[in-house]
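Asker: Supplied structure: work30.txt, compact mmCIF, C-alpha atoms and all ligand atoms.
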```
# COMPACT_ATOMS: atom_id res chain seq x y z
CA MET A 1 169.77 53.39 109.89
CA GLU A 2 166.08 53.99 109.51
CA ASN A 3 164.84 55.07 106.11
CA GLN A 4 164.61 58.83 106.01
CA ILE A 5 162.98 61.17 103.56
CA ILE A 6 165.80 62.73 101.52
CA THR A 7 164.44 66.28 101.74
CA PRO A 8 163.79 67.01 105.41
CA LYS A 9 163.41 70.76 104.79
CA ARG A 10 160.02 71.67 103.46
CA SER A 11 157.02 73.96 103.97
CA LEU A 12 154.44 71.15 104.02
CA THR A 13 153.47 70.54 107.66
CA GLU A 14 153.14 67.06 109.12
CA LYS A 15 149.46 67.67 109.83
CA THR A 16 148.78 68.69 106.23
CA GLU A 17 150.68 65.66 105.00
CA GLU A 18 148.58 63.48 107.31
CA LEU A 19 145.33 64.98 106.01
CA LEU A 20 146.46 64.63 102.40
CA ASN A 21 147.25 60.97 103.06
CA GLU A 22 143.76 60.58 104.53
CA GLN A 23 142.39 62.04 101.31
CA ILE A 24 144.45 59.51 99.37
CA GLY A 25 142.62 56.89 101.42
CA MET A 26 139.24 58.38 100.45
CA GLU A 27 140.09 58.43 96.75
CA GLY A 28 141.56 54.92 96.90
CA LYS A 29 138.44 53.64 98.61
CA SER A 30 136.28 55.39 95.99
CA SER A 31 138.21 53.65 93.23
CA ALA A 32 137.90 50.22 94.85
CA TYR A 33 134.24 50.76 95.74
CA TYR A 34 133.30 51.78 92.19
CA LEU A 35 135.28 48.91 90.72
CA SER A 36 133.32 46.51 92.91
CA MET A 37 130.07 48.16 91.82
CA ALA A 38 131.13 47.95 88.16
CA SER A 39 131.73 44.24 88.50
CA TRP A 40 128.36 43.65 90.18
CA CYS A 41 126.58 45.63 87.43
CA ASP A 42 128.44 43.55 84.85
CA THR A 43 127.19 40.31 86.38
CA MET A 44 123.63 41.66 86.45
CA GLY A 45 123.61 42.68 82.80
CA TYR A 46 123.66 46.43 83.42
CA VAL A 47 126.26 46.92 80.71
CA ASN A 48 126.18 50.70 80.49
CA ALA A 49 126.20 51.26 84.24
CA SER A 50 129.09 48.82 84.43
CA ASN A 51 131.13 50.71 81.81
CA PHE A 52 130.32 53.99 83.53
CA LEU A 53 131.60 52.63 86.84
CA TYR A 54 134.74 51.00 85.40
CA LYS A 55 135.67 54.42 84.01
CA HIS A 56 134.74 56.13 87.24
CA ALA A 57 136.94 53.73 89.23
CA GLU A 58 139.87 54.63 86.98
CA GLU A 59 139.19 58.35 87.41
CA GLU A 60 139.21 57.96 91.19
CA ARG A 61 142.58 56.26 90.95
CA GLN A 62 143.85 59.27 89.00
CA HIS A 63 142.48 61.58 91.74
CA MET A 64 144.48 59.54 94.23
CA LEU A 65 147.67 59.62 92.16
CA LYS A 66 147.52 63.42 91.80
CA ILE A 67 147.76 63.66 95.58
CA PHE A 68 150.58 61.10 95.64
CA ALA A 69 152.57 63.33 93.30
CA TYR A 70 151.75 66.48 95.22
CA ILE A 71 152.84 65.12 98.61
CA ASN A 72 156.09 63.70 97.32
CA ASP A 73 156.90 66.80 95.24
CA ALA A 74 156.41 68.84 98.42
CA GLY A 75 158.95 66.72 100.30
CA GLY A 76 156.49 64.43 102.06
CA HIS A 77 155.74 60.75 101.74
CA ALA A 78 152.53 59.57 100.06
CA LEU A 79 151.29 56.30 101.50
CA GLN A 80 149.45 53.51 99.73
CA PRO A 81 146.22 53.24 101.73
CA GLU A 82 144.76 50.09 103.20
CA VAL A 83 141.42 49.53 101.48
CA THR A 84 139.12 47.18 103.33
CA GLY A 85 135.41 46.64 103.85
CA ILE A 86 134.42 46.95 100.20
CA LYS A 87 130.87 45.80 99.53
CA HIS A 88 130.54 43.32 96.65
CA ARG A 89 126.81 42.67 96.32
CA PHE A 90 123.91 45.07 96.10
CA GLU A 91 120.15 44.80 96.34
CA SER A 92 119.47 46.88 93.25
CA LEU A 93 120.91 49.25 90.66
CA ARG A 94 119.25 52.08 92.52
CA GLU A 95 121.11 51.13 95.70
CA VAL A 96 124.40 51.37 93.79
CA PHE A 97 123.80 54.93 92.60
CA GLU A 98 122.34 56.12 95.90
CA ALA A 99 125.47 54.76 97.58
CA ILE A 100 127.66 56.64 95.09
CA LEU A 101 125.85 59.91 95.81
CA GLY A 102 126.21 59.37 99.56
CA HIS A 103 129.88 58.50 99.16
CA GLU A 104 130.61 61.55 97.01
CA ILE A 105 129.00 63.80 99.63
CA GLU A 106 131.41 62.30 102.21
CA VAL A 107 134.34 62.94 99.87
CA THR A 108 133.23 66.56 99.50
CA LYS A 109 133.16 66.96 103.29
CA SER A 110 136.65 65.51 103.50
CA ILE A 111 137.97 67.90 100.83
CA ASN A 112 136.31 70.83 102.59
CA LYS A 113 137.96 69.85 105.87
CA LEU A 114 141.33 69.76 104.14
CA VAL A 115 140.80 73.11 102.42
CA ASP A 116 139.68 74.69 105.68
CA HIS A 117 142.82 73.40 107.41
CA CYS A 118 145.10 74.81 104.68
CA PHE A 119 143.36 78.17 104.78
CA THR A 120 143.64 78.33 108.57
CA ILE A 121 147.38 77.65 108.62
CA LYS A 122 147.93 79.82 105.51
CA ASP A 123 149.30 76.98 103.38
CA PHE A 124 148.14 78.65 100.19
CA THR A 125 150.16 76.34 97.97
CA THR A 126 148.19 73.28 99.08
CA PHE A 127 145.04 75.38 99.24
CA ASN A 128 145.57 76.24 95.58
CA PHE A 129 146.31 72.61 94.65
CA LEU A 130 143.03 71.57 96.27
CA GLN A 131 140.87 73.95 94.24
CA TRP A 132 140.79 71.37 91.44
CA TYR A 133 139.18 68.93 93.90
CA VAL A 134 136.68 71.53 95.13
CA THR A 135 135.42 72.03 91.58
CA GLU A 136 135.57 68.32 90.84
CA GLN A 137 133.44 67.44 93.87
CA ARG A 138 130.69 69.85 92.90
CA GLU A 139 130.62 68.18 89.50
CA GLU A 140 130.82 64.61 90.79
CA GLU A 141 127.93 65.15 93.18
CA THR A 142 125.87 66.59 90.33
CA LEU A 143 126.61 63.59 88.11
CA ALA A 144 125.68 61.12 90.86
CA ARG A 145 122.48 63.04 91.60
CA ARG A 146 121.53 63.02 87.88
CA ALA A 147 121.91 59.22 87.95
CA VAL A 148 119.73 58.80 91.06
CA GLU A 149 117.05 61.06 89.58
CA LEU A 150 116.69 58.72 86.60
CA PHE A 151 115.09 56.11 88.86
CA ASP A 152 112.28 58.50 89.83
CA ILE A 153 111.85 60.09 86.41
CA ILE A 154 111.75 56.85 84.40
CA GLY A 155 110.51 54.38 87.02
CA GLU A 156 111.82 50.85 87.44
CA GLN A 157 108.81 48.89 86.13
CA GLY A 158 108.65 47.15 82.74
CA ILE A 159 111.56 48.27 80.60
CA GLY A 160 112.33 51.01 83.12
CA LEU A 161 115.57 49.46 84.41
CA TRP A 162 116.77 48.77 80.86
CA THR A 163 116.04 52.41 79.95
CA ILE A 164 117.78 53.68 83.08
CA ASP A 165 120.86 51.64 82.17
CA GLN A 166 120.79 53.20 78.69
CA GLU A 167 120.55 56.69 80.18
CA ILE A 168 123.36 56.04 82.64
CA GLY A 169 125.46 55.18 79.59
CA LYS A 170 124.89 58.73 78.35
CA LEU A 171 126.06 60.38 81.55
CA HIS A 172 129.65 60.60 80.40
CA GLN A 173 128.47 62.54 77.36
CA TYR A 174 126.40 64.71 79.67
CA ALA A 175 129.58 65.36 81.66
CA VAL A 176 131.41 66.40 78.49
CA GLU A 177 128.66 68.78 77.43
CA THR A 178 128.08 70.39 80.83
CA GLY A 179 131.53 70.06 82.41
CA ALA A 180 130.03 67.91 85.16
CA GLY A 181 132.91 65.71 86.25
CA ASP A 182 136.03 64.45 84.50
CA GLY A 183 134.01 61.51 83.25
CA ALA A 184 134.93 62.47 79.73
CA GLN A 185 138.52 61.36 80.10
FE1 LIG B 201 137.56 61.70 93.70
FE2 LIG B 201 134.61 61.05 93.38
O1 LIG B 201 135.95 61.69 94.46
```
How does the structure come out when it is put into structure tokens?
Ligand code: FEO
Answerer:
Amino acid sequence: MENQIITPKRSLTEKTEELLNEQIGMEGKSSAYYLSMASWCDTMGYVNASNFLYKHAEEERQHMLKIFAYINDAGGHALQPEVTGIKHRFESLREVFEAILGHEIEVTKSINKLVDHCFTIKDFTTFNFLQWYVTEQREEETLARRAVELFDIIGEQGIGLWTIDQEIGKLHQYAVETGAGDGAQ
């Protein structure tokens, strides 16, 4: 007999489950991507950026696990995503943070698509669950943008890159003080 989910009766639709599993894939890829970036920064001597990204990778894993729990609690089946195509080397520290900002904007679009779907089919339970992610994405984009701005404000010449790395190390504290992101955890 094929394996079957033990609670076949549920309100979660197959489409919503599929989209939630896609979001798991996004969060899993974020975690792997940031871990790869953290390691590259480590090898380049950007100690603070590296610590920032190791923490961020862990946070993304927690974002993924929250959705795992939600799907399974709702009678679905959360699936471990395939994570491939992770970049390991970067041209510069600036490239790393510009890539993070671009990636977070894609995650926001994905969350918005999911929220729009839930609203349309009147799945207000999942809609409500997703509000945490809506708020989180606003904050994560802000944090990534603050990091990218440092490159223009400080400049990369002389001790600029060292200073930028120091400032990136303060971004978690910035998140605590302003509520921008769950980087404080
Ligand atoms: Fe969980 Fe940064 O998206």
Asker: Which polymer residues have any atom within 12 Å of an atom of Ala78 (chain A), counting all atoms listed in the file, with same-chain residues fewer than 4 positions away left out, as a VMD selection string?
Answerer: chain A and resid 5 14 16 to 25 64 to 74
Asker: Neighbours of ligand LIG 201 (chain B) within 6 Å, counting all atoms listed in the file, as a list in words?
Answerer: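 Result of the 6 Å neighbour search around ligand LIG 201 (chain B): Glu27, Glu60, His63, Glu104, Val107 and Glu140 of chain A.
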Asker: Quick one, how far is CA of Val134 (chain A) from CA of Ile100 (chain A)?
Answerer: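 CA of Ile100 (chain A) lies 17.4 Å from CA of Val134 (chain A).
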Asker: Would you kindly return, as a PyMOL selection string, each protein, DNA or RNA residue with an atom no farther than 12 Å from any atom of Asp116 (chain A), considering only C-alpha atoms and excluding same-chain residues fewer than 2 positions away?
Answerer: chain A and resi 16+19+109-114+118-124+126-128+130-131+134
Asker: Which one of A:Tyr174, A:Ile105, A:Gly75, A:Ser92 sits closest to Gln4 (chain A) if you count all atoms listed in the file?
Answerer: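 Looking at the shortest contact to Gln4 (chain A), the residue is A:Gly75.
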Asker: Using all atoms listed in the file for the distances, tell me which of A:Leu35, A:Glu149, A:Thr13, A:Ala175 is nearest to Arg94 (chain A).
Answerer: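 Among the listed residues, the smallest separation from Arg94 (chain A) belongs to A:Glu149.
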Asker: Given the choices A:Ala38, A:Val83, A:Ala99, A:Val148, which gets closest to Leu171 (chain A) if the distance is worked out from all atoms listed in the file?
Answerer: A:Val148
Asker: Suppose you want the space between CA of Ser31 (chain A) and CA of Arg61 (chain A); what is it in Å?
Answerer: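 So the answer is 5.6 Å.
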